[in-house]
$ cat final.cif   # mmCIF, C-alpha atoms and all ligand atoms
data_coords
#
loop_
_atom_site.label_atom_id
_atom_site.label_comp_id
_atom_site.auth_asym_id
_atom_site.auth_seq_id
_atom_site.Cartn_x
_atom_site.Cartn_y
_atom_site.Cartn_z
CA MET A 1 -15.93 4.02 -4.22
CA ILE A 2 -16.19 1.37 -1.52
CA ALA A 3 -17.48 -2.19 -1.63
CA VAL A 4 -18.64 -3.55 1.72
CA LEU A 5 -18.21 -7.33 1.73
CA LYS A 6 -20.54 -9.81 3.37
CA PRO A 7 -19.44 -11.39 6.66
CA GLY A 8 -17.74 -14.74 6.04
CA THR A 9 -16.05 -13.72 2.78
CA THR A 10 -12.85 -15.76 2.45
CA GLU A 11 -9.34 -14.37 1.92
CA GLN A 12 -9.23 -16.04 -1.49
CA GLN A 13 -12.46 -14.33 -2.55
CA ILE A 14 -11.10 -10.95 -1.35
CA GLU A 15 -7.88 -11.60 -3.26
CA ASN A 16 -9.74 -12.50 -6.48
CA LEU A 17 -11.95 -9.41 -6.34
CA SER A 18 -8.98 -7.16 -5.50
CA ASN A 19 -6.96 -8.53 -8.41
CA TRP A 20 -9.79 -7.91 -10.82
CA LEU A 21 -10.25 -4.34 -9.53
CA ARG A 22 -6.50 -3.72 -9.82
CA SER A 23 -6.62 -4.95 -13.39
CA GLN A 24 -9.10 -2.12 -14.03
CA GLY A 25 -6.32 0.33 -13.12
CA LEU A 26 -7.46 1.10 -9.58
CA ASP A 27 -5.61 1.18 -6.27
CA VAL A 28 -7.22 -1.20 -3.84
CA HIS A 29 -7.30 -0.59 -0.12
CA ILE A 30 -8.57 -3.40 2.13
CA SER A 31 -9.82 -2.63 5.62
CA ARG A 32 -10.66 -5.64 7.78
CA GLY A 33 -13.12 -4.49 10.42
CA SER A 34 -14.60 -6.46 13.29
CA VAL A 35 -17.73 -7.32 11.26
CA HIS A 36 -17.24 -6.21 7.67
CA THR A 37 -14.31 -6.03 5.33
CA VAL A 38 -14.36 -2.89 3.22
CA ILE A 39 -12.61 -2.65 -0.14
CA GLY A 40 -11.80 0.96 -0.96
CA LEU A 41 -11.03 1.95 -4.54
CA VAL A 42 -8.87 4.92 -5.44
CA GLY A 43 -8.41 6.26 -8.94
CA ASP A 44 -10.78 6.76 -11.84
CA THR A 45 -13.77 4.67 -10.76
CA SER A 46 -16.06 6.15 -13.41
CA LYS A 47 -15.61 3.11 -15.66
CA ILE A 48 -16.53 0.63 -12.93
CA ASP A 49 -20.02 -0.80 -13.31
CA GLU A 50 -21.44 -0.28 -9.82
CA GLU A 51 -24.37 -2.64 -10.40
CA LEU A 52 -22.07 -5.41 -11.60
CA VAL A 53 -19.91 -5.18 -8.46
CA GLU A 54 -23.01 -4.99 -6.27
CA SER A 55 -24.42 -8.14 -7.88
CA LEU A 56 -21.39 -10.25 -6.83
CA ALA A 57 -22.26 -12.89 -4.24
CA ILE A 58 -19.66 -11.65 -1.72
CA VAL A 59 -20.61 -7.96 -1.97
CA ASP A 60 -23.09 -6.49 0.49
CA SER A 61 -23.22 -2.93 -0.88
CA VAL A 62 -21.35 -0.46 -3.07
CA LYS A 63 -21.13 3.27 -2.36
CA ARG A 64 -19.51 6.16 -4.13
CA ILE A 65 -17.56 8.43 -1.80
CA SER A 66 -18.47 12.02 -2.49
CA GLU A 67 -15.68 13.56 -0.41
CA PRO A 68 -12.42 14.28 -2.27
CA PHE A 69 -10.38 12.52 0.42
CA LYS A 70 -10.52 8.77 -0.01
CA SER A 71 -7.76 6.94 1.92
CA ALA A 72 -8.21 9.28 4.89
CA ASN A 73 -11.98 8.78 4.82
CA ARG A 74 -13.75 7.00 7.66
CA LYS A 75 -15.90 5.23 5.03
CA PHE A 76 -12.77 3.57 3.64
CA HIS A 77 -11.61 2.37 7.02
CA PRO A 78 -14.47 2.23 9.52
CA ASP A 79 -12.23 1.37 12.52
CA ASP A 80 -9.88 3.90 14.12
CA SER A 81 -6.34 3.74 12.77
CA VAL A 82 -3.76 2.88 15.40
CA ILE A 83 -0.22 3.95 14.54
CA SER A 84 2.82 2.30 16.10
CA VAL A 85 5.53 4.65 17.31
CA GLY A 86 8.49 2.97 19.01
CA ASN A 87 7.01 0.94 21.84
CA THR A 88 3.87 3.11 22.01
CA THR A 89 0.83 3.56 19.78
CA VAL A 90 -1.16 6.61 18.71
CA GLY A 91 -4.91 6.35 18.20
CA GLY A 92 -7.56 3.93 19.37
CA LYS A 93 -7.61 3.50 23.13
CA ASP A 94 -4.12 4.82 23.79
CA PHE A 95 -3.49 8.40 24.85
CA THR A 96 -0.41 10.22 23.61
CA ILE A 97 1.31 13.12 25.33
CA MET A 98 4.08 14.72 23.29
CA ALA A 99 5.94 17.19 25.45
CA GLY A 100 9.16 19.16 25.25
CA PRO A 101 10.62 22.50 24.30
CA CYS A 102 9.63 24.54 21.28
CA SER A 103 13.27 24.46 20.16
CA VAL A 104 16.21 22.28 21.01
CA GLU A 105 18.66 24.77 22.57
CA SER A 106 21.30 22.60 24.22
CA GLU A 107 21.93 19.05 25.39
CA GLU A 108 21.53 20.01 29.06
CA GLN A 109 18.21 21.75 28.37
CA VAL A 110 16.74 18.82 26.41
CA MET A 111 17.99 16.17 28.87
CA GLU A 112 16.55 17.99 31.86
CA ILE A 113 13.18 18.54 30.18
CA ALA A 114 13.03 15.01 28.73
CA LYS A 115 13.56 13.39 32.14
CA ALA A 116 11.02 15.70 33.79
CA VAL A 117 8.26 15.19 31.20
CA LYS A 118 8.80 11.45 31.19
CA ALA A 119 8.43 11.33 34.98
CA ALA A 120 5.21 13.35 34.64
CA GLY A 121 3.62 11.00 32.09
CA ALA A 122 4.73 12.16 28.63
CA THR A 123 4.83 9.36 26.07
CA MET A 124 6.97 11.20 23.50
CA LEU A 125 9.56 13.95 23.48
CA ARG A 126 9.05 16.89 21.13
CA GLY A 127 11.60 19.54 20.17
CA GLY A 128 12.25 21.64 17.10
CA ALA A 129 15.63 21.34 15.39
CA PHE A 130 14.58 23.09 12.17
CA LYS A 131 12.43 26.03 13.21
CA PRO A 132 10.02 27.91 10.94
CA ARG A 133 10.32 31.47 12.28
CA THR A 134 8.42 34.52 11.09
CA SER A 135 11.61 36.59 11.19
CA PRO A 136 14.78 35.45 9.41
CA TYR A 137 16.75 37.17 12.22
CA ASP A 138 15.28 34.95 14.94
CA PHE A 139 16.88 31.69 16.14
CA GLN A 140 16.44 29.15 13.33
CA GLY A 141 17.17 26.02 15.35
CA LEU A 142 20.26 23.84 15.84
CA LYS A 143 19.35 21.80 12.73
CA ALA A 144 21.31 18.50 12.43
CA ASP A 145 22.94 19.08 15.84
CA GLY A 146 19.47 19.50 17.32
CA ILE A 147 18.40 16.11 15.98
CA GLU A 148 21.55 14.54 17.47
CA ILE A 149 20.62 15.98 20.88
CA LEU A 150 17.06 14.62 20.60
CA LEU A 151 18.46 11.19 19.73
CA LYS A 152 20.68 11.29 22.82
CA ALA A 153 17.62 12.13 24.94
CA LYS A 154 15.73 9.28 23.29
CA LYS A 155 18.55 6.89 24.20
CA GLU A 156 18.66 8.16 27.76
CA THR A 157 14.90 8.17 28.46
CA GLY A 158 13.46 5.69 25.96
CA LEU A 159 10.96 8.31 24.80
CA PRO A 160 10.27 8.31 21.03
CA ILE A 161 10.98 11.71 19.48
CA VAL A 162 8.95 13.99 17.26
CA THR A 163 10.54 16.85 15.35
CA GLU A 164 9.68 19.06 12.39
CA ILE A 165 10.94 18.75 8.83
CA MET A 166 10.96 21.84 6.61
CA ASN A 167 12.73 20.56 3.53
CA ALA A 168 12.56 17.12 1.91
CA ASN A 169 16.31 17.35 1.23
CA HIS A 170 16.83 16.90 4.98
CA LEU A 171 15.06 13.52 5.09
CA SER A 172 18.27 11.53 5.60
CA LEU A 173 18.75 13.33 8.93
CA PHE A 174 15.37 11.98 10.11
CA GLU A 175 16.17 8.27 9.81
CA GLU A 176 16.06 7.63 13.55
CA VAL A 177 13.34 10.18 14.26
CA ASP A 178 10.16 8.37 15.34
CA VAL A 179 7.54 10.89 14.19
CA ILE A 180 8.20 13.53 11.54
CA GLN A 181 6.22 16.72 12.07
CA VAL A 182 4.89 18.82 9.21
CA GLY A 183 4.29 22.24 10.71
CA ALA A 184 1.30 24.49 10.11
CA ARG A 185 3.23 26.59 7.62
CA ASN A 186 4.03 23.58 5.47
CA MET A 187 0.65 21.85 5.60
CA GLN A 188 0.17 22.59 1.91
CA ASN A 189 3.76 22.11 0.79
CA PHE A 190 2.62 19.40 -1.58
CA GLU A 191 6.09 18.38 -2.79
CA LEU A 192 7.15 17.81 0.83
CA LEU A 193 3.95 15.83 1.50
CA LYS A 194 4.59 13.65 -1.57
CA GLU A 195 8.15 12.90 -0.40
CA LEU A 196 6.84 11.92 3.04
CA GLY A 197 4.28 9.72 1.32
CA ARG A 198 7.18 7.69 -0.09
CA THR A 199 8.48 6.96 3.44
CA ARG A 200 6.71 4.77 5.99
CA LYS A 201 7.43 7.10 8.91
CA PRO A 202 4.59 8.27 11.15
CA ILE A 203 3.81 11.86 10.14
CA LEU A 204 2.32 14.44 12.50
CA LEU A 205 0.42 16.78 10.18
CA LYS A 206 -0.49 20.11 11.77
CA ARG A 207 -3.42 22.14 10.52
CA GLY A 208 -2.43 25.27 8.63
CA LEU A 209 -3.04 28.71 10.13
CA ALA A 210 -5.94 29.39 7.79
CA ASN A 211 -6.91 25.98 6.49
CA THR A 212 -10.22 24.18 6.54
CA LEU A 213 -10.61 20.65 7.81
CA LYS A 214 -11.20 19.50 4.26
CA GLU A 215 -7.85 20.99 3.25
CA LEU A 216 -6.17 19.29 6.22
CA LEU A 217 -7.64 15.95 5.14
CA MET A 218 -6.59 16.55 1.54
CA SER A 219 -3.02 17.12 2.77
CA ALA A 220 -3.23 13.83 4.68
CA GLU A 221 -4.45 12.31 1.42
CA TYR A 222 -1.27 13.50 -0.35
CA ILE A 223 0.83 11.52 2.13
CA MET A 224 -1.45 8.48 2.04
CA ALA A 225 -1.69 8.45 -1.75
CA GLY A 226 2.05 7.67 -1.77
CA GLY A 227 1.39 4.60 0.36
CA ASN A 228 2.21 6.02 3.80
CA GLU A 229 -0.90 5.53 5.93
CA ASN A 230 0.78 6.55 9.18
CA VAL A 231 -0.68 10.03 9.48
CA ILE A 232 -1.59 11.74 12.76
CA LEU A 233 -3.70 14.90 12.48
CA CYS A 234 -3.09 17.87 14.76
CA GLU A 235 -5.42 20.75 15.59
CA ARG A 236 -3.21 23.65 16.70
CA GLY A 237 -5.55 26.63 16.43
CA ILE A 238 -6.49 28.77 13.47
CA ARG A 239 -6.11 32.48 12.87
CA THR A 240 -9.15 34.58 13.72
CA PHE A 241 -9.75 38.25 14.65
CA GLU A 242 -9.13 37.49 18.37
CA THR A 243 -5.88 38.94 19.70
CA TYR A 244 -5.81 37.85 23.36
CA THR A 245 -4.78 34.42 22.14
CA ARG A 246 -2.17 33.59 19.50
CA ASN A 247 -4.73 31.53 17.57
CA THR A 248 -8.25 30.27 18.23
CA LEU A 249 -8.44 26.62 19.25
CA ASP A 250 -11.06 24.94 17.08
CA LEU A 251 -12.11 22.08 19.33
CA SER A 252 -15.08 21.17 17.16
CA ALA A 253 -12.40 19.94 14.74
CA VAL A 254 -11.77 16.96 17.02
CA PRO A 255 -15.17 15.21 16.89
CA LEU A 256 -15.61 16.33 13.28
CA LEU A 257 -12.29 14.86 12.17
CA HIS A 258 -13.18 11.64 14.00
CA GLU A 259 -16.43 11.53 12.06
CA LEU A 260 -14.80 12.23 8.71
CA SER A 261 -11.60 10.22 9.13
CA HIS A 262 -10.13 7.17 10.86
CA LEU A 263 -6.83 8.95 11.54
CA PRO A 264 -5.81 9.83 15.12
CA VAL A 265 -6.32 13.45 16.15
CA ILE A 266 -4.15 15.24 18.66
CA VAL A 267 -4.47 18.80 20.00
CA ASP A 268 -1.72 21.35 20.60
CA PRO A 269 -3.06 23.82 23.19
CA SER A 270 0.33 25.58 23.38
CA HIS A 271 0.43 27.01 19.85
CA ALA A 272 -3.36 27.32 19.86
CA THR A 273 -3.42 29.79 22.75
CA GLY A 274 0.13 31.16 23.00
CA VAL A 275 -0.50 31.61 26.74
CA ALA A 276 0.92 29.16 29.29
CA ARG A 277 -1.95 29.55 31.80
CA LEU A 278 -4.52 28.62 29.13
CA VAL A 279 -2.80 25.33 28.29
CA LYS A 280 -4.29 23.36 31.19
CA PRO A 281 -7.99 24.21 30.63
CA MET A 282 -7.65 23.71 26.88
CA ALA A 283 -5.79 20.41 27.34
CA MET A 284 -8.59 19.15 29.59
CA ALA A 285 -11.22 20.29 27.10
CA ALA A 286 -9.36 18.57 24.26
CA VAL A 287 -9.39 15.29 26.16
CA ALA A 288 -13.08 15.70 26.98
CA CYS A 289 -14.01 16.14 23.32
CA GLY A 290 -12.18 13.00 22.23
CA ALA A 291 -8.61 13.92 21.29
CA ASN A 292 -6.24 10.95 21.00
CA GLY A 293 -3.43 12.98 22.47
CA LEU A 294 -1.81 16.31 23.20
CA MET A 295 1.29 18.20 22.18
CA ILE A 296 2.50 20.53 24.90
CA GLU A 297 5.51 22.84 25.02
CA VAL A 298 7.58 22.54 28.19
CA HIS A 299 10.74 24.52 29.07
CA ASN A 300 12.96 24.36 32.13
CA ASP A 301 13.37 28.16 32.03
CA PRO A 302 10.47 29.64 30.03
CA ASP A 303 11.56 33.25 30.71
CA HIS A 304 14.78 32.65 28.80
CA ALA A 305 13.47 30.30 26.09
CA LEU A 306 14.82 31.06 22.60
CA CYS A 307 11.35 30.49 21.17
CA ASP A 308 7.75 30.49 22.49
CA GLY A 309 8.57 31.05 26.17
CA ALA A 310 5.18 32.71 26.83
CA GLN A 311 3.31 29.53 26.02
CA SER A 312 5.79 27.10 27.58
CA LEU A 313 5.00 25.31 30.83
CA THR A 314 7.57 24.64 33.52
CA PRO A 315 8.06 20.93 34.24
CA ASP A 316 6.01 21.36 37.46
CA ALA A 317 3.13 23.01 35.61
CA PHE A 318 3.29 20.24 33.01
CA ALA A 319 3.02 17.62 35.76
CA GLN A 320 -0.16 19.35 36.95
CA VAL A 321 -1.61 19.34 33.43
CA SER A 322 -0.73 15.69 33.01
CA ALA A 323 -2.49 14.82 36.31
CA ALA A 324 -5.57 16.86 35.31
CA VAL A 325 -5.67 15.11 31.93
CA ALA A 326 -5.52 11.71 33.66
CA LYS A 327 -8.52 12.74 35.81
CA VAL A 328 -10.56 13.77 32.77
CA ARG A 329 -9.70 10.50 31.09
CA GLY A 330 -10.81 8.63 34.20
CA ALA A 331 -14.10 10.54 34.28
CA LEU A 332 -14.69 9.76 30.58
CA GLU A 333 -14.11 6.06 31.22
CA GLU A 334 -16.56 6.09 34.12
CA SER A 335 -19.26 7.82 32.08
CA LYS A 336 -19.10 5.21 29.28
C1 LIG B 401 5.88 23.60 16.52
O1 LIG B 401 5.16 22.67 16.91
O2 LIG B 401 7.06 23.73 16.89
C2 LIG B 401 5.35 24.58 15.57
C3 LIG B 401 6.14 25.43 14.93
O3 LIG B 401 4.01 24.54 15.48
P1 LIG B 401 3.04 25.07 14.32
O4 LIG B 401 3.56 24.53 13.04
O5 LIG B 401 1.72 24.51 14.72
O6 LIG B 401 3.07 26.57 14.39
MN MN B 402 6.64 26.53 19.41
#
$ encode --input "final.cif" --output "structure tokens"
Amino acid sequence: MIAVLKPGTTEQQIENLSNWLRSQGLDVHISRGSVHTVIGLVGDTSKIDEELVESLAIVDSVKRISEPFKSANRKFHPDDSVISVGNTTVGGKDFTIMAGPCSVESEEQVMEIAKAVKAAGATMLRGGAFKPRTSPYDFQGLKADGIEILLKAKKETGLPIVTEIMNANHLSLFEEVDVIQVGARNMQNFELLKELGRTRKPILLKRGLANTLKELLMSAEYIMAGGNENVILCERGIRTFETYTRNTLDLSAVPLLHELSHLPVIVDPSHATGVARLVKPMAMAAVACGANGLMIEVHNDPDHALCDGAQSLTPDAFAQVSAAVAKVRGALEESK
């Protein structure tokens, strides 16, 4: 349920109403927009007398939210969420480019890539230290050592780092990590989501291989229900019958998620296509349809990458993608 307050409502009046709603056993979420303040209520709202709330002098209207996701809902928070990450932000007017190797392989590899992607316009460095691999015999990542290497690259370049967590028991290793990634395979690992909800770290939540947008938003809700509102959604392709691409990039997810939710949405054209030469056109398309950012895999030697070489761009190819993305952004600005 949401209560839209009339313009000019004072902080004291908001406080009094919130306290009364809390005393009814509800969680209260206040969103101060440019015109209206919206009070969102989470919990069992069935006992709340809608007409009574609506009759209050400061209340403009009361609406029940039919969708099962509440905190992630655009109705709860009409303005776009903007999430601070290091000295950058994700969402709103800012554009994020997370770039780096699929897996952290060595210090030299990460340093070389980090410097190159930064020079080409990346705003964050990505790299997997804990890798979810289909085969248990494939490279599983450098784990804690991989995170140490990413932190060295962060120190050297100033780029915030994003890396995947697979097990909540590893959380202590992620203290200095700027954005914690929940990979597609763990999108519905609800115990992991609940643990991340207890932190205040920005979480990059990737859409599961065969999950609907509603399920993605319900997973975001798990994190937000714990009090962590710093969730970034990521469309990374879904599994279909097509075999020329690794997955099928669902770009309609971008405007739809923006309609349904206030959370930032980024697109990963690397895992979506699995094909390096398709990354540039899909990155441009993602920008054109309103993505708040991109996640792109870059490797200094894709032919010898320990993971996902076929979809990894060389630093030069990444620089071309970054320039093309800047042009599309410029064209979008002009057409406003
Ligand atoms: C990744 O980003 O390294 C990754 C494993 O992606 P996904 O979870 O989308 O497959
Ligand atoms: Mn990968």
$ closest_residue --input "final.cif" --among "A:Ser34, A:Val298, A:Ala3, A:Thr248" --to "A:Glu51" --atoms "only C-alpha atoms"
A:Ala3
$ residues_around --input "final.cif" --residues "stretch 267-274 of chain A" --least-positions-apart "5" --cutoff "10 Å" --atoms "all atoms listed in the file" --output "ChimeraX atom specification"
/A:97-99,102,206,209,233-239,243-251,253-254,279-287,290-298,308-313
$ atom_distance --input "final.cif" --atom1 "atom CA of A:Ala288" --atom2 "atom CA of A:Lys93"
13.9 Å
$ residues_around --input "final.cif" --residues "A:Asp79" --least-positions-apart "5" --cutoff "9 Å" --atoms "only C-alpha atoms" --output "list in words"
Ser31, Arg32, Gly33, Ser34, Arg74, Gly92 and His262 of chain A
$ closest_residue --input "final.cif" --among "A:Leu205, A:Leu278, A:Ala305, A:Ile30" --to "A:Ile266" --atoms "only C-alpha atoms"
A:Leu205
$ axis_aligned_box --input "final.cif" --around "ligand LIG 401 (chain B)" --padding-each-side "8 Å" --output "JSON"
{"center_x": 4.4, "center_y": 24.6, "center_z": 15.0, "size_x": 21.3, "size_y": 19.9, "size_z": 19.9}
$ atom_distance --input "final.cif" --atom1 "atom O4 of ligand LIG 401 (chain B)" --atom2 "atom CA of A:Glu242"
18.9 Å
$ closest_residue --input "final.cif" --among "A:Gln320, A:Asn169, A:Thr134, A:Asn230" --to "ligand MN 402 (chain B)" --atoms "all atoms listed in the file"
A:Thr134
$ closest_residue --input "final.cif" --among "A:His299, A:Arg185, A:His258, A:Lys214" --to "ligand LIG 401 (chain B)" --atoms "only C-alpha atoms and all ligand atoms"
A:Arg185
$ atom_distance --input "final.cif" --atom1 "atom CA of A:Gln13" --atom2 "atom CA of A:Lys47"
22.0 Å
$ build_atoms --input "final.cif" --residues "stretch 124-159 of chain A" --atoms "N, CA and C atoms" --output "CSV table (one decimal), in the frame of the given file"
chain,number,residue,atom,x,y,z
A,124,MET,N,6.0,10.9,24.6
A,124,MET,CA,7.0,11.2,23.5
A,124,MET,C,7.6,12.5,23.8
A,125,LEU,N,8.8,12.7,23.3
A,125,LEU,CA,9.6,14.0,23.5
A,125,LEU,C,9.5,14.8,22.2
A,126,ARG,N,9.0,16.0,22.3
A,126,ARG,CA,9.0,16.9,21.1
A,126,ARG,C,10.2,17.9,21.3
A,127,GLY,N,10.6,18.5,20.2
A,127,GLY,CA,11.6,19.5,20.2
A,127,GLY,C,11.9,19.9,18.7
A,128,GLY,N,12.0,21.2,18.5
A,128,GLY,CA,12.2,21.6,17.1
A,128,GLY,C,13.7,21.8,16.9
A,129,ALA,N,14.2,21.2,15.8
A,129,ALA,CA,15.6,21.3,15.4
A,129,ALA,C,15.7,22.3,14.2
A,130,PHE,N,14.7,22.1,13.3
A,130,PHE,CA,14.6,23.1,12.2
A,130,PHE,C,13.3,23.9,12.5
A,131,LYS,N,13.5,25.2,12.7
A,131,LYS,CA,12.4,26.0,13.2
A,131,LYS,C,11.9,27.0,12.1
A,132,PRO,N,10.6,26.9,11.9
A,132,PRO,CA,10.0,27.9,10.9
A,132,PRO,C,9.7,29.2,11.7
A,133,ARG,N,10.5,30.2,11.5
A,133,ARG,CA,10.3,31.5,12.3
A,133,ARG,C,9.8,32.6,11.4
A,134,THR,N,9.0,33.4,11.9
A,134,THR,CA,8.4,34.5,11.1
A,134,THR,C,9.5,35.5,10.6
A,135,SER,N,10.5,35.7,11.6
A,135,SER,CA,11.6,36.6,11.2
A,135,SER,C,12.9,35.8,10.9
A,136,PRO,N,13.5,36.2,9.8
A,136,PRO,CA,14.8,35.4,9.4
A,136,PRO,C,15.9,35.8,10.4
A,137,TYR,N,15.7,36.8,11.3
A,137,TYR,CA,16.8,37.2,12.2
A,137,TYR,C,16.6,36.4,13.5
A,138,ASP,N,15.5,35.7,13.7
A,138,ASP,CA,15.3,35.0,14.9
A,138,ASP,C,16.0,33.6,14.8
A,139,PHE,N,16.2,33.0,16.0
A,139,PHE,CA,16.9,31.7,16.1
A,139,PHE,C,16.2,30.7,15.2
A,140,GLN,N,17.0,30.1,14.3
A,140,GLN,CA,16.4,29.2,13.3
A,140,GLN,C,16.5,27.7,13.7
A,141,GLY,N,17.1,27.4,14.9
A,141,GLY,CA,17.2,26.0,15.4
A,141,GLY,C,18.6,25.5,15.2
A,142,LEU,N,18.9,24.4,15.9
A,142,LEU,CA,20.3,23.8,15.8
A,142,LEU,C,20.4,22.9,14.7
A,143,LYS,N,19.3,22.6,13.9
A,143,LYS,CA,19.4,21.8,12.7
A,143,LYS,C,19.9,20.4,13.0
A,144,ALA,N,20.8,19.9,12.2
A,144,ALA,CA,21.3,18.5,12.4
A,144,ALA,C,21.8,18.3,13.9
A,145,ASP,N,22.5,19.3,14.5
A,145,ASP,CA,22.9,19.1,15.8
A,145,ASP,C,21.8,18.9,16.8
A,146,GLY,N,20.7,19.6,16.5
A,146,GLY,CA,19.5,19.5,17.3
A,146,GLY,C,18.9,18.1,17.3
A,147,ILE,N,18.9,17.5,16.1
A,147,ILE,CA,18.4,16.1,16.0
A,147,ILE,C,19.3,15.2,16.8
A,148,GLU,N,20.6,15.4,16.7
A,148,GLU,CA,21.6,14.5,17.5
A,148,GLU,C,21.2,14.6,19.0
A,149,ILE,N,20.9,15.8,19.4
A,149,ILE,CA,20.6,16.0,20.9
A,149,ILE,C,19.3,15.2,21.2
A,150,LEU,N,18.3,15.3,20.3
A,150,LEU,CA,17.1,14.6,20.6
A,150,LEU,C,17.3,13.1,20.6
A,151,LEU,N,18.2,12.6,19.8
A,151,LEU,CA,18.5,11.2,19.7
A,151,LEU,C,19.2,10.7,21.0
A,152,LYS,N,20.0,11.6,21.5
A,152,LYS,CA,20.7,11.3,22.8
A,152,LYS,C,19.6,11.2,23.9
A,153,ALA,N,18.7,12.1,23.9
A,153,ALA,CA,17.6,12.1,24.9
A,153,ALA,C,16.7,10.9,24.8
A,154,LYS,N,16.5,10.5,23.5
A,154,LYS,CA,15.7,9.3,23.3
A,154,LYS,C,16.4,8.1,23.9
A,155,LYS,N,17.8,8.0,23.7
A,155,LYS,CA,18.6,6.9,24.2
A,155,LYS,C,18.5,6.9,25.7
A,156,GLU,N,18.6,8.0,26.3
A,156,GLU,CA,18.7,8.2,27.8
A,156,GLU,C,17.3,7.8,28.4
A,157,THR,N,16.2,8.3,27.8
A,157,THR,CA,14.9,8.2,28.5
A,157,THR,C,14.0,7.1,27.9
A,158,GLY,N,14.3,6.7,26.6
A,158,GLY,CA,13.5,5.7,26.0
A,158,GLY,C,12.3,6.3,25.3
A,159,LEU,N,12.1,7.7,25.4
A,159,LEU,CA,11.0,8.3,24.8
A,159,LEU,C,11.2,8.4,23.3
